[in-house]
$ cat data.cif   # mmCIF, C-alpha atoms and all ligand atoms
data_coords
loop_
_atom_site.label_atom_id
_atom_site.label_comp_id
_atom_site.auth_asym_id
_atom_site.auth_seq_id
_atom_site.Cartn_x
_atom_site.Cartn_y
_atom_site.Cartn_z
CA MET A 1 49.90 -18.81 48.25
CA ILE A 2 49.70 -17.50 44.68
CA ARG A 3 47.64 -14.32 44.55
CA HIS A 4 45.11 -13.92 41.76
CA SER A 5 44.33 -10.63 40.03
CA SER A 6 41.74 -8.41 41.70
CA ARG A 7 39.85 -8.66 38.40
CA LEU A 8 38.78 -12.19 39.34
CA ASP A 9 37.12 -10.84 42.47
CA ALA A 10 34.57 -9.22 40.14
CA ILE A 11 33.23 -12.68 39.26
CA PRO A 12 30.00 -13.14 41.21
CA PRO A 13 29.56 -16.27 43.36
CA TYR A 14 28.56 -19.42 41.51
CA LEU A 15 24.89 -19.75 42.32
CA PHE A 16 24.45 -23.20 40.82
CA GLY A 17 26.88 -24.67 43.36
CA GLU A 18 24.26 -25.68 45.91
CA ILE A 19 22.17 -27.50 43.30
CA ALA A 20 25.29 -29.21 41.92
CA ARG A 21 26.04 -30.41 45.46
CA LEU A 22 22.50 -31.76 45.95
CA LYS A 23 22.65 -33.47 42.55
CA ALA A 24 25.96 -35.16 43.42
CA GLU A 25 24.50 -36.32 46.76
CA ALA A 26 21.37 -37.75 45.08
CA LEU A 27 23.43 -39.61 42.47
CA GLN A 28 25.76 -40.89 45.18
CA ALA A 29 22.72 -42.28 46.99
CA GLY A 30 21.77 -44.12 43.79
CA ARG A 31 18.65 -42.06 43.04
CA ASP A 32 17.20 -41.96 39.55
CA LEU A 33 17.21 -38.28 38.48
CA VAL A 34 15.45 -36.81 35.47
CA ASP A 35 18.01 -34.25 34.40
CA LEU A 36 16.39 -31.11 32.97
CA GLY A 37 19.46 -29.09 33.97
CA ILE A 38 22.15 -28.24 31.47
CA GLY A 39 21.27 -27.09 27.92
CA ASP A 40 23.60 -29.45 26.10
CA PRO A 41 22.14 -31.59 23.29
CA ASP A 42 21.99 -35.23 24.40
CA GLN A 43 21.82 -36.47 20.79
CA PRO A 44 25.08 -37.02 18.87
CA THR A 45 26.31 -34.77 16.08
CA PRO A 46 24.81 -36.01 12.77
CA ALA A 47 27.01 -38.80 11.33
CA ASP A 48 27.73 -37.04 8.03
CA ILE A 49 29.29 -34.11 9.91
CA VAL A 50 31.46 -36.52 11.92
CA ASP A 51 32.50 -38.14 8.61
CA ALA A 52 33.37 -34.71 7.19
CA LEU A 53 35.60 -34.10 10.23
CA ALA A 54 37.30 -37.48 9.86
CA SER A 55 38.15 -36.87 6.23
CA ALA A 56 39.28 -33.26 6.87
CA ALA A 57 41.48 -34.48 9.74
CA ARG A 58 43.29 -36.80 7.30
CA ASP A 59 44.34 -33.80 5.19
CA PRO A 60 47.75 -32.68 6.54
CA GLU A 61 47.00 -29.12 5.44
CA THR A 62 44.53 -28.88 8.34
CA HIS A 63 47.22 -29.83 10.87
CA ARG A 64 49.04 -26.53 10.75
CA TYR A 65 48.26 -23.06 12.10
CA ASP A 66 45.40 -21.30 10.39
CA GLU A 67 47.14 -18.14 9.25
CA SER A 68 44.08 -16.61 7.59
CA PRO A 69 43.06 -13.11 8.74
CA ALA A 70 39.66 -13.91 10.27
CA GLY A 71 39.14 -17.65 9.96
CA ASP A 72 39.28 -20.47 7.46
CA SER A 73 38.02 -19.11 4.14
CA ALA A 74 35.95 -22.21 3.25
CA PHE A 75 34.27 -21.86 6.66
CA LEU A 76 33.61 -18.12 6.35
CA ASP A 77 32.26 -18.46 2.81
CA ALA A 78 29.94 -21.30 3.88
CA VAL A 79 28.55 -19.53 6.96
CA CYS A 80 27.98 -16.30 5.00
CA ARG A 81 26.14 -18.30 2.33
CA ARG A 82 24.01 -19.94 5.01
CA PHE A 83 23.32 -16.59 6.68
CA GLU A 84 22.08 -15.19 3.38
CA ARG A 85 19.92 -18.26 2.78
CA GLU A 86 18.42 -18.34 6.28
CA PHE A 87 18.11 -14.64 7.02
CA GLY A 88 18.26 -12.95 3.61
CA VAL A 89 21.22 -10.78 4.64
CA THR A 90 24.38 -10.55 2.55
CA VAL A 91 27.53 -10.41 4.67
CA ASP A 92 31.01 -9.64 3.36
CA ALA A 93 33.07 -12.66 4.43
CA GLY A 94 36.24 -10.55 4.26
CA ALA A 95 35.19 -7.71 6.58
CA GLN A 96 31.97 -8.50 8.39
CA ALA A 97 32.48 -12.10 9.57
CA LEU A 98 34.76 -13.78 12.09
CA GLU A 99 35.33 -17.42 13.03
CA LEU A 100 35.12 -18.13 16.77
CA ILE A 101 36.09 -20.98 19.07
CA GLY A 102 32.45 -21.21 20.10
CA SER A 103 30.22 -18.18 20.53
CA LYS A 104 30.99 -18.00 24.28
CA GLU A 105 34.61 -17.24 23.50
CA GLY A 106 33.61 -14.45 21.10
CA LEU A 107 31.04 -12.91 23.45
CA ALA A 108 33.50 -12.91 26.35
CA HIS A 109 36.33 -11.40 24.34
CA LEU A 110 34.06 -8.79 22.80
CA ALA A 111 33.55 -7.24 26.24
CA TRP A 112 37.34 -6.97 26.59
CA ALA A 113 37.76 -5.54 23.10
CA ILE A 114 35.13 -2.82 23.51
CA LEU A 115 34.76 -1.83 27.16
CA ASP A 116 37.00 0.46 29.20
CA PRO A 117 36.80 0.85 32.98
CA GLY A 118 33.92 3.16 33.84
CA ASP A 119 31.98 2.49 30.62
CA VAL A 120 28.41 1.30 31.02
CA SER A 121 27.43 -2.17 29.81
CA LEU A 122 23.67 -2.62 29.37
CA VAL A 123 22.90 -6.22 30.33
CA PRO A 124 19.62 -8.10 30.53
CA ASN A 125 18.56 -9.71 33.81
CA PRO A 126 18.05 -12.69 33.85
CA ALA A 127 20.72 -13.61 31.29
CA TYR A 128 23.43 -16.01 30.23
CA THR A 129 26.13 -14.97 32.69
CA VAL A 130 28.94 -14.38 30.18
CA TYR A 131 27.84 -10.80 29.28
CA ARG A 132 27.75 -9.71 32.90
CA VAL A 133 30.89 -11.43 34.14
CA ASN A 134 33.15 -10.25 31.31
CA SER A 135 31.77 -6.70 31.42
CA LEU A 136 32.59 -6.62 35.12
CA MET A 137 36.08 -8.04 34.64
CA ALA A 138 36.74 -5.43 31.95
CA GLY A 139 35.92 -2.81 34.60
CA ALA A 140 32.58 -1.69 33.19
CA GLU A 141 29.62 -0.59 35.25
CA LEU A 142 26.53 -2.74 34.74
CA VAL A 143 23.16 -1.17 34.11
CA GLU A 144 20.53 -3.88 34.04
CA MET A 145 17.56 -4.27 31.75
CA PRO A 146 14.99 -6.41 33.59
CA LEU A 147 13.29 -9.07 31.46
CA LEU A 148 9.81 -9.31 32.90
CA GLN A 149 6.92 -11.56 32.05
CA ARG A 150 4.62 -8.58 31.50
CA ASN A 151 6.93 -7.41 28.69
CA GLY A 152 7.21 -10.88 27.13
CA PHE A 153 10.73 -11.10 28.63
CA LEU A 154 11.92 -8.33 26.31
CA PRO A 155 13.84 -5.31 27.66
CA ASP A 156 12.08 -1.96 27.93
CA LEU A 157 14.56 0.32 26.16
CA THR A 158 12.58 3.41 27.16
CA ALA A 159 13.35 2.62 30.82
CA ILE A 160 17.13 2.94 30.32
CA PRO A 161 18.21 6.18 32.05
CA THR A 162 19.57 8.77 29.57
CA ASP A 163 22.75 9.20 31.60
CA ALA A 164 23.43 5.45 31.40
CA ALA A 165 22.68 5.40 27.67
CA LYS A 166 25.17 8.22 27.10
CA ARG A 167 27.92 6.30 28.92
CA ALA A 168 27.05 2.90 27.46
CA ARG A 169 29.36 1.18 24.98
CA ILE A 170 27.55 -2.17 24.62
CA LEU A 171 23.91 -3.24 24.79
CA TRP A 172 23.50 -7.02 25.01
CA LEU A 173 20.47 -8.85 23.65
CA ASN A 174 19.95 -12.60 23.39
CA TYR A 175 17.07 -13.75 21.21
CA PRO A 176 15.98 -16.47 21.11
CA ASN A 177 16.58 -16.17 24.84
CA ASN A 178 18.29 -18.30 27.42
CA PRO A 179 16.92 -18.80 30.07
CA THR A 180 13.36 -17.56 29.37
CA GLY A 181 12.80 -19.24 25.98
CA ALA A 182 11.38 -15.91 24.73
CA THR A 183 11.65 -14.89 21.09
CA ALA A 184 11.79 -11.35 19.74
CA GLU A 185 9.71 -9.79 17.02
CA PRO A 186 11.65 -7.68 14.48
CA ARG A 187 10.21 -4.62 16.23
CA LEU A 188 12.56 -5.06 19.21
CA PHE A 189 15.56 -5.20 16.91
CA GLU A 190 14.37 -2.10 15.02
CA ASP A 191 14.00 -0.17 18.28
CA ALA A 192 17.35 -1.40 19.55
CA VAL A 193 19.17 -0.43 16.34
CA ARG A 194 17.65 3.06 16.50
CA PHE A 195 18.53 3.40 20.20
CA CYS A 196 22.12 2.22 19.70
CA ARG A 197 22.67 4.42 16.64
CA ASP A 198 21.34 7.43 18.57
CA TYR A 199 23.72 6.84 21.48
CA ASP A 200 26.63 5.33 19.52
CA ILE A 201 26.46 1.98 21.32
CA LEU A 202 27.50 -1.42 19.98
CA LEU A 203 24.38 -3.58 19.82
CA VAL A 204 25.11 -7.27 20.39
CA ASN A 205 22.62 -9.99 19.69
CA ASP A 206 23.62 -13.43 20.94
CA ALA A 207 21.79 -15.64 18.46
CA ALA A 208 23.24 -18.99 19.56
CA TYR A 209 19.72 -20.46 19.38
CA ALA A 210 18.58 -18.71 16.17
CA GLU A 211 18.28 -21.99 14.31
CA VAL A 212 16.81 -24.01 17.17
CA SER A 213 13.20 -23.23 16.38
CA PHE A 214 10.00 -25.20 15.98
CA ASP A 215 6.63 -25.28 14.22
CA GLY A 216 8.06 -23.55 11.13
CA TYR A 217 8.91 -20.42 13.13
CA ARG A 218 11.91 -18.55 11.71
CA CYS A 219 13.80 -16.33 14.13
CA PRO A 220 14.65 -12.84 12.95
CA SER A 221 18.24 -11.56 12.85
CA VAL A 222 19.17 -8.12 14.12
CA LEU A 223 21.12 -7.65 10.88
CA GLN A 224 17.87 -7.69 8.91
CA VAL A 225 17.15 -4.19 10.22
CA ALA A 226 18.12 -1.39 7.83
CA GLY A 227 21.24 0.34 9.15
CA ALA A 228 22.06 -2.46 11.62
CA MET A 229 25.53 -2.96 10.09
CA ASP A 230 26.43 0.54 11.40
CA THR A 231 25.92 -0.47 15.00
CA ALA A 232 25.34 -4.20 15.52
CA ILE A 233 27.12 -7.53 15.74
CA GLU A 234 25.40 -10.91 16.01
CA PHE A 235 26.82 -14.17 17.36
CA HIS A 236 25.90 -17.57 15.93
CA SER A 237 27.01 -21.05 16.82
CA PHE A 238 27.07 -24.63 15.57
CA SER A 239 26.75 -25.91 19.14
CA LYS A 240 23.02 -26.04 19.54
CA MET A 241 21.79 -26.28 15.98
CA PHE A 242 23.92 -29.30 15.05
CA ASN A 243 24.58 -30.91 18.48
CA MET A 244 28.18 -29.73 18.33
CA THR A 245 28.76 -28.18 21.76
CA GLY A 246 32.05 -30.00 22.28
CA TRP A 247 33.45 -29.02 18.88
CA ARG A 248 33.80 -25.34 19.83
CA ILE A 249 32.97 -23.47 16.67
CA GLY A 250 30.86 -20.39 16.07
CA MET A 251 30.93 -17.07 14.23
CA ALA A 252 30.14 -13.39 14.47
CA PHE A 253 28.63 -11.27 11.71
CA GLY A 254 28.27 -7.53 11.73
CA ASN A 255 29.80 -4.11 12.04
CA PRO A 256 33.31 -4.20 10.53
CA ASP A 257 34.87 -2.05 13.29
CA ALA A 258 33.51 -4.38 15.99
CA VAL A 259 34.65 -7.45 14.02
CA THR A 260 38.13 -5.91 13.59
CA ALA A 261 38.40 -5.02 17.29
CA LEU A 262 37.41 -8.52 18.37
CA ASN A 263 39.76 -10.08 15.83
CA LYS A 264 42.65 -7.88 17.00
CA LEU A 265 42.19 -9.07 20.59
CA LYS A 266 41.71 -12.71 19.62
CA SER A 267 44.73 -12.84 17.33
CA ASN A 268 46.83 -12.03 20.40
CA ILE A 269 45.20 -14.78 22.46
CA ASP A 270 44.26 -17.76 20.27
CA SER A 271 45.35 -19.20 16.95
CA LYS A 272 41.88 -20.13 15.72
CA GLN A 273 40.10 -23.45 15.69
CA PHE A 274 41.51 -26.69 14.24
CA ARG A 275 40.92 -26.31 10.52
CA ALA A 276 39.44 -29.81 10.18
CA ILE A 277 36.68 -28.70 12.54
CA ALA A 278 36.19 -25.52 10.51
CA HIS A 279 35.95 -27.62 7.32
CA ALA A 280 33.41 -30.01 8.87
CA ALA A 281 31.39 -27.01 10.05
CA ALA A 282 31.52 -25.58 6.52
CA TYR A 283 30.14 -28.89 5.27
CA ALA A 284 27.39 -28.75 7.93
CA ALA A 285 26.49 -25.15 7.04
CA ASP A 286 25.98 -26.06 3.39
CA ARG A 287 24.66 -29.60 3.47
CA ALA A 288 23.70 -31.08 6.85
CA SER A 289 20.34 -31.30 8.56
CA ASN A 290 19.53 -31.74 12.21
CA ALA A 291 15.78 -32.01 11.71
CA ALA A 292 15.42 -35.36 13.51
CA SER A 293 17.00 -34.01 16.70
CA LEU A 294 14.99 -30.82 16.63
CA ASP A 295 11.86 -32.87 16.18
CA LEU A 296 12.69 -34.84 19.32
CA VAL A 297 13.23 -31.57 21.23
CA ARG A 298 9.88 -30.30 19.96
CA ARG A 299 8.17 -33.50 21.09
CA ARG A 300 9.71 -33.14 24.56
CA ARG A 301 8.63 -29.49 24.67
CA ASP A 302 5.03 -30.46 24.00
CA ILE A 303 5.07 -33.20 26.63
CA LEU A 304 6.64 -30.92 29.23
CA VAL A 305 4.62 -27.76 28.61
CA ASP A 306 1.30 -29.53 28.12
CA GLY A 307 2.03 -31.74 31.12
CA LEU A 308 2.87 -28.81 33.39
CA ASN A 309 -0.19 -26.93 32.16
CA SER A 310 -2.36 -29.93 33.05
CA LEU A 311 -0.95 -29.59 36.60
CA GLY A 312 -2.08 -25.97 36.91
CA TRP A 313 0.57 -23.89 35.14
CA ASN A 314 -0.14 -21.67 32.18
CA ILE A 315 3.08 -21.71 30.20
CA PRO A 316 3.29 -20.92 26.48
CA ARG A 317 5.15 -23.39 24.27
CA PRO A 318 8.48 -21.72 23.42
CA ARG A 319 8.96 -21.28 19.66
CA ALA A 320 12.74 -21.60 19.93
CA THR A 321 15.57 -22.65 22.32
CA PHE A 322 15.77 -25.71 24.56
CA TYR A 323 14.23 -23.95 27.54
CA VAL A 324 10.97 -23.85 29.42
CA TRP A 325 10.85 -21.06 32.01
CA VAL A 326 8.62 -22.27 34.78
CA PRO A 327 7.18 -19.92 37.45
CA VAL A 328 7.66 -21.49 40.88
CA PRO A 329 4.56 -22.18 43.01
CA GLU A 330 3.76 -19.67 45.72
CA GLY A 331 5.82 -19.93 48.88
CA TYR A 332 9.02 -20.95 47.09
CA THR A 333 12.06 -19.10 45.81
CA SER A 334 13.74 -20.45 42.69
CA MET A 335 16.39 -22.00 44.93
CA THR A 336 14.03 -23.68 47.43
CA TYR A 337 11.81 -24.93 44.60
CA ALA A 338 14.75 -26.41 42.64
CA ALA A 339 15.92 -28.08 45.87
CA ALA A 340 12.40 -29.47 46.51
CA LEU A 341 12.16 -30.77 42.92
CA LEU A 342 15.42 -32.61 43.38
CA ASP A 343 14.65 -33.91 46.84
CA ARG A 344 10.97 -34.83 46.50
CA ALA A 345 10.60 -35.56 42.77
CA GLY A 346 14.12 -36.50 41.62
CA VAL A 347 13.87 -33.81 38.92
CA LEU A 348 16.81 -31.52 38.25
CA ALA A 349 16.02 -27.96 37.11
CA ILE A 350 18.12 -24.80 37.29
CA PRO A 351 17.12 -22.09 39.79
CA GLY A 352 16.37 -18.90 37.84
CA VAL A 353 18.20 -16.69 40.33
CA GLY A 354 21.46 -18.09 38.94
CA TYR A 355 20.79 -15.93 35.86
CA GLY A 356 20.16 -12.77 37.88
CA ALA A 357 17.81 -11.45 40.56
CA HIS A 358 14.92 -11.14 38.09
CA GLY A 359 15.20 -14.87 37.48
CA ASP A 360 14.08 -15.57 41.03
CA GLY A 361 10.56 -16.91 40.98
CA TYR A 362 11.41 -19.26 38.07
CA VAL A 363 13.26 -22.45 37.35
CA ARG A 364 14.64 -23.32 33.93
CA MET A 365 13.86 -26.77 32.57
CA SER A 366 15.93 -27.89 29.61
CA LEU A 367 14.67 -30.12 26.80
CA THR A 368 18.07 -31.75 26.33
CA VAL A 369 17.44 -34.78 28.50
CA PRO A 370 20.11 -37.48 28.84
CA GLY A 371 18.69 -40.98 28.49
CA ASP A 372 15.40 -39.84 26.96
CA ARG A 373 14.51 -41.58 23.69
CA LYS A 374 11.11 -40.18 22.78
CA GLY A 375 9.88 -38.05 25.62
CA GLU A 376 9.34 -40.79 28.21
CA ARG A 377 11.75 -39.24 30.74
CA VAL A 378 10.08 -35.87 30.35
CA ALA A 379 6.69 -37.49 30.90
CA GLU A 380 8.19 -39.16 33.99
CA ALA A 381 9.34 -35.75 35.28
CA VAL A 382 5.83 -34.34 34.90
CA ARG A 383 4.33 -37.36 36.65
CA ARG A 384 6.75 -37.03 39.58
CA ILE A 385 6.15 -33.28 39.95
CA GLY A 386 2.39 -33.93 40.10
CA GLU A 387 2.77 -36.84 42.51
CA ALA A 388 5.00 -34.80 44.84
CA GLY A 389 2.44 -31.99 44.83
CA LEU A 390 5.03 -29.45 43.71
CA THR A 391 2.43 -27.64 41.64
CA PRO A 392 0.76 -24.22 41.62
CA GLY A 393 -1.87 -23.88 44.30
CA SER A 394 -0.52 -26.82 46.31
CA SER A 395 1.50 -24.93 48.94
C1 LIG A 401 22.68 -17.82 25.30
C2 LIG A 401 23.93 -18.58 24.99
N1 LIG A 401 24.85 -18.00 24.25
C3 LIG A 401 26.00 -18.63 23.94
C4 LIG A 401 26.25 -19.89 24.42
C5 LIG A 401 27.58 -20.51 24.11
O1 LIG A 401 27.53 -21.40 23.08
P1 LIG A 401 28.84 -21.91 22.36
O2 LIG A 401 28.86 -23.38 22.56
O3 LIG A 401 28.70 -21.49 20.92
O4 LIG A 401 30.01 -21.24 23.00
C6 LIG A 401 25.31 -20.54 25.21
C7 LIG A 401 25.58 -21.87 25.75
O5 LIG A 401 24.88 -22.41 26.55
C8 LIG A 401 24.11 -19.87 25.50
O6 LIG A 401 23.16 -20.42 26.26
#

$ encode --input "data.cif" --output "structure tokens"
Amino acid sequence: MIRHSSRLDAIPPYLFGEIARLKAEALQAGRDLVDLGIGDPDQPTPADIVDALASAARDPETHRYDESPAGDSAFLDAVCRRFEREFGVTVDAGAQALELIGSKEGLAHLAWAILDPGDVSLVPNPAYTVYRVNSLMAGAELVEMPLLQRNGFLPDLTAIPTDAAKRARILWLNYPNNPTGATAEPRLFEDAVRFCRDYDILLVNDAAYAEVSFDGYRCPSVLQVAGAMDTAIEFHSFSKMFNMTGWRIGMAFGNPDAVTALNKLKSNIDSKQFRAIAHAAAYAADRASNAASLDLVRRRRDILVDGLNSLGWNIPRPRATFYVWVPVPEGYTSMTYAAALLDRAGVLAIPGVGYGAHGDGYVRMSLTVPGDRKGERVAEAVRRIGEAGLTPGSS
């Protein structure tokens, strides 16, 4: 038997496995499931972006290695222009920006580029698992920042022990947030920048959902805070904002030392994204719109949140992300409730405990719903949950 590195033993067990098994069983039995599971846009990438890819792919120049220092220059110029337009922050494309093969790749490699064994990594709980898993594999010690409802699912920085802060090298934030759907006010970013400057910590904001927002709400960027460039890096992505999850393209903006460290690691691992994809993304950054898709997501959000609230919940409409974070009725854990939803209502949701212990007590319902045209599948999910009596006060 081939032995794997002991590093891989640091990867926690896959907590979504049981639900994946139940889903496969239900589909095998021919059941009709409303899938509110994975956060992957069900709508296609806008046609003009696909056309831009097709024409870029016909240019033989894009077929070769991208030998640029930090990513295709047309791409970096376009995303820096967009960042300035959307967030009012000027970024130097030559020193403060980096092309990524999706933001997940960049977030994962950042942990490896920054953390040494024994360093502290300050991670939210619940959270997208990439911060935790890669910090652990890099040998860091995790110190968790609970995201609790009473704090609006924002971390309480004053609760971080001084000893942990002194040993910390990275503090991870993710706003707009997966899985809670919470958004941050600029105040959190101001406090976090101050905290990280005081303790010489790299502040990371994963802003993969920064441009998936509704009702005219504009998400703040951590780089809007004065002095943030001294201590912060922010990750953005085309995946969610333009229905481009399969294309694998994203970018980081921020502190030049952090960008250089990440680039140094990456240039010894990957050879950048296919330049035709980078060119199509540059086109998207400057000229494309995904308003129709976002409007459909907003419509589903209203149907789901208002529907659940009519069944006895009291859930705010998230202003950004694809996610509705639903407290489970009394008597259930997130796992038993997700299993009951699947079994008794044919509705697939993700148990919150998969994102960390503080996610227990919740399930995540995603507004990217395969087969839904205008909210009818979401309405069907609400109807089934009500009919099955899987509602607050029913246990
Ligand atoms: C919070 C968060 N960050 C990053 C990512 C990764 O996105 P990308 O497709 O850019 O790698 C995801 C994907 O689900 C996510 O939920």

$ residues_near_ligand --input "data.cif" --ligand "ligand LIG 401 (chain A)" --cutoff "6 Å" --atoms "only C-alpha atoms and all ligand atoms" --output "list of chain:residue names"
A:Gly102, A:Ser103, A:Lys104, A:Tyr128, A:Asn178, A:Asp206, A:Ala208, A:Ser237, A:Ser239, A:Thr245, A:Arg248, A:Gly250

$ closest_residue --input "data.cif" --among "A:Tyr332, A:Phe238, A:Trp313, A:Phe153" --to "A:Gly361" --atoms "only C-alpha atoms"
A:Tyr332

$ closest_residue --input "data.cif" --among "A:Leu142, A:Ala278, A:Leu367, A:Val204" --to "A:Val79" --atoms "all atoms listed in the file"
A:Ala278

$ closest_residue --input "data.cif" --among "A:Leu98, A:Ala47, A:Val324, A:Ala165" --to "A:Ala284" --atoms "only C-alpha atoms"
A:Ala47

$ closest_residue --input "data.cif" --among "A:Ala281, A:Pro327, A:Arg21, A:Asn174" --to "A:His358" --atoms "only C-alpha atoms"
A:Pro327

$ atom_distance --input "data.cif" --atom1 "atom CA of A:His279" --atom2 "atom CA of A:Phe75"
6.0 Å

$ atom_distance --input "data.cif" --atom1 "atom CA of A:Leu348" --atom2 "atom CA of A:Gly17"
13.2 Å

$ atom_distance --input "data.cif" --atom1 "atom CA of A:Tyr131" --atom2 "atom CA of A:Pro351"
18.8 Å

$ residues_near_point --input "data.cif" --point "(12.6, -30.8, 33.9)" --cutoff "8 Å" --atoms "all atoms listed in the file" --output "mmCIF file with C-alpha atoms, in the frame of the given file"
data_model
loop_
_atom_site.group_PDB
_atom_site.id
_atom_site.type_symbol
_atom_site.label_atom_id
_atom_site.label_comp_id
_atom_site.auth_asym_id
_atom_site.auth_seq_id
_atom_site.Cartn_x
_atom_site.Cartn_y
_atom_site.Cartn_z
ATOM 1 C CA VAL A 34 15.450 -36.810 35.470
ATOM 2 C CA ASP A 35 18.010 -34.250 34.400
ATOM 3 C CA LEU A 36 16.390 -31.110 32.970
ATOM 4 C CA GLY A 37 19.460 -29.090 33.970
ATOM 5 C CA LEU A 304 6.640 -30.920 29.230
ATOM 6 C CA VAL A 347 13.870 -33.810 38.920
ATOM 7 C CA LEU A 348 16.810 -31.520 38.250
ATOM 8 C CA ALA A 349 16.020 -27.960 37.110
ATOM 9 C CA ARG A 364 14.640 -23.320 33.930
ATOM 10 C CA MET A 365 13.860 -26.770 32.570
ATOM 11 C CA SER A 366 15.930 -27.890 29.610
ATOM 12 C CA LEU A 367 14.670 -30.120 26.800
ATOM 13 C CA VAL A 378 10.080 -35.870 30.350
ATOM 14 C CA ALA A 381 9.340 -35.750 35.280
ATOM 15 C CA VAL A 382 5.830 -34.340 34.900
#

$ residues_around --input "data.cif" --residues "A:Arg169" --least-positions-apart "6" --cutoff "9 Å" --atoms "all atoms listed in the file" --output "list of chain:residue names"
A:Ile114, A:Leu115, A:Asp116, A:Asp119, A:Val120, A:Ser121, A:Leu122, A:Tyr199, A:Asp200, A:Ile201, A:Leu202, A:Leu203

$ write_last_selection --input "data.cif" --atoms "C-alpha atoms" --output "PDB file, in the coordinates of the input"
ATOM      1  CA  ILE A 114      35.130  -2.820  23.510  1.00  0.00           C
ATOM      2  CA  LEU A 115      34.760  -1.830  27.160  1.00  0.00           C
ATOM      3  CA  ASP A 116      37.000   0.460  29.200  1.00  0.00           C
ATOM      4  CA  ASP A 119      31.980   2.490  30.620  1.00  0.00           C
ATOM      5  CA  VAL A 120      28.410   1.300  31.020  1.00  0.00           C
ATOM      6  CA  SER A 121      27.430  -2.170  29.810  1.00  0.00           C
ATOM      7  CA  LEU A 122      23.670  -2.620  29.370  1.00  0.00           C
ATOM      8  CA  TYR A 199      23.720   6.840  21.480  1.00  0.00           C
ATOM      9  CA  ASP A 200      26.630   5.330  19.520  1.00  0.00           C
ATOM     10  CA  ILE A 201      26.460   1.980  21.320  1.00  0.00           C
ATOM     11  CA  LEU A 202      27.500  -1.420  19.980  1.00  0.00           C
ATOM     12  CA  LEU A 203      24.380  -3.580  19.820  1.00  0.00           C
TER      13      LEU A 203
END

$ closest_residue --input "data.cif" --among "A:Val326, A:Ile249, A:Leu265, A:Ile350" --to "A:His236" --atoms "only C-alpha atoms"
A:Ile249

$ residues_around --input "data.cif" --residues "A:Asp230" --least-positions-apart "6" --cutoff "10 Å" --atoms "only C-alpha atoms" --output "MDAnalysis selection string"
chainID A and resid 193 196:197 200 202:203 223 254:258

$ residues_around --input "data.cif" --residues "stretch 52-55 of chain A" --least-positions-apart "5" --cutoff "8 Å" --atoms "all atoms listed in the file" --output "PyMOL selection string"
chain A and resi 276-277+279-280+283

$ residues_near_point --input "data.cif" --point "(17.2, -12.8, 6.5)" --cutoff "10 Å" --atoms "all atoms listed in the file" --output "mmCIF file with C-alpha atoms, in the coordinates of the input"
data_model
loop_
_atom_site.group_PDB
_atom_site.id
_atom_site.type_symbol
_atom_site.label_atom_id
_atom_site.label_comp_id
_atom_site.auth_asym_id
_atom_site.auth_seq_id
_atom_site.Cartn_x
_atom_site.Cartn_y
_atom_site.Cartn_z
ATOM 1 C CA ARG A 82 24.010 -19.940 5.010
ATOM 2 C CA PHE A 83 23.320 -16.590 6.680
ATOM 3 C CA GLU A 84 22.080 -15.190 3.380
ATOM 4 C CA ARG A 85 19.920 -18.260 2.780
ATOM 5 C CA GLU A 86 18.420 -18.340 6.280
ATOM 6 C CA PHE A 87 18.110 -14.640 7.020
ATOM 7 C CA GLY A 88 18.260 -12.950 3.610
ATOM 8 C CA VAL A 89 21.220 -10.780 4.640
ATOM 9 C CA THR A 90 24.380 -10.550 2.550
ATOM 10 C CA ARG A 218 11.910 -18.550 11.710
ATOM 11 C CA CYS A 219 13.800 -16.330 14.130
ATOM 12 C CA PRO A 220 14.650 -12.840 12.950
ATOM 13 C CA SER A 221 18.240 -11.560 12.850
ATOM 14 C CA VAL A 222 19.170 -8.120 14.120
ATOM 15 C CA LEU A 223 21.120 -7.650 10.880
ATOM 16 C CA GLN A 224 17.870 -7.690 8.910
ATOM 17 C CA VAL A 225 17.150 -4.190 10.220
#

$ closest_residue --input "data.cif" --among "A:Leu136, A:Val259, A:Ala97, A:Ala78" --to "A:Pro12" --atoms "only C-alpha atoms"
A:Leu136

$ residues_around --input "data.cif" --residues "A:Ser334" --least-positions-apart "6" --cutoff "8 Å" --atoms "only C-alpha atoms" --output "JSON, numbers by chain"
{"A": [328, 351, 352, 353, 359, 360, 361, 362, 363]}

$ build_atoms --input "data.cif" --residues "stretch 80-85 of chain A" --atoms "N, CA and C atoms" --output "short mmCIF file (atom, residue, chain, number, x, y, z; two decimals), keeping the file's coordinate frame"
data_model
loop_
_atom_site.label_atom_id
_atom_site.label_comp_id
_atom_site.auth_asym_id
_atom_site.auth_seq_id
_atom_site.Cartn_x
_atom_site.Cartn_y
_atom_site.Cartn_z
N CYS A 80 28.62 -17.50 5.60
CA CYS A 80 27.98 -16.30 5.00
C CYS A 80 26.90 -16.72 4.01
N ARG A 81 27.17 -17.78 3.24
CA ARG A 81 26.14 -18.30 2.33
C ARG A 81 24.91 -18.73 3.11
N ARG A 82 25.15 -19.45 4.21
CA ARG A 82 24.01 -19.94 5.01
C ARG A 82 23.24 -18.76 5.60
N PHE A 83 23.98 -17.75 6.06
CA PHE A 83 23.32 -16.59 6.68
C PHE A 83 22.41 -15.90 5.65
N GLU A 84 22.90 -15.82 4.44
CA GLU A 84 22.08 -15.19 3.38
C GLU A 84 20.84 -16.04 3.09
N ARG A 85 21.04 -17.35 3.05
CA ARG A 85 19.92 -18.26 2.78
C ARG A 85 18.88 -18.21 3.90
#
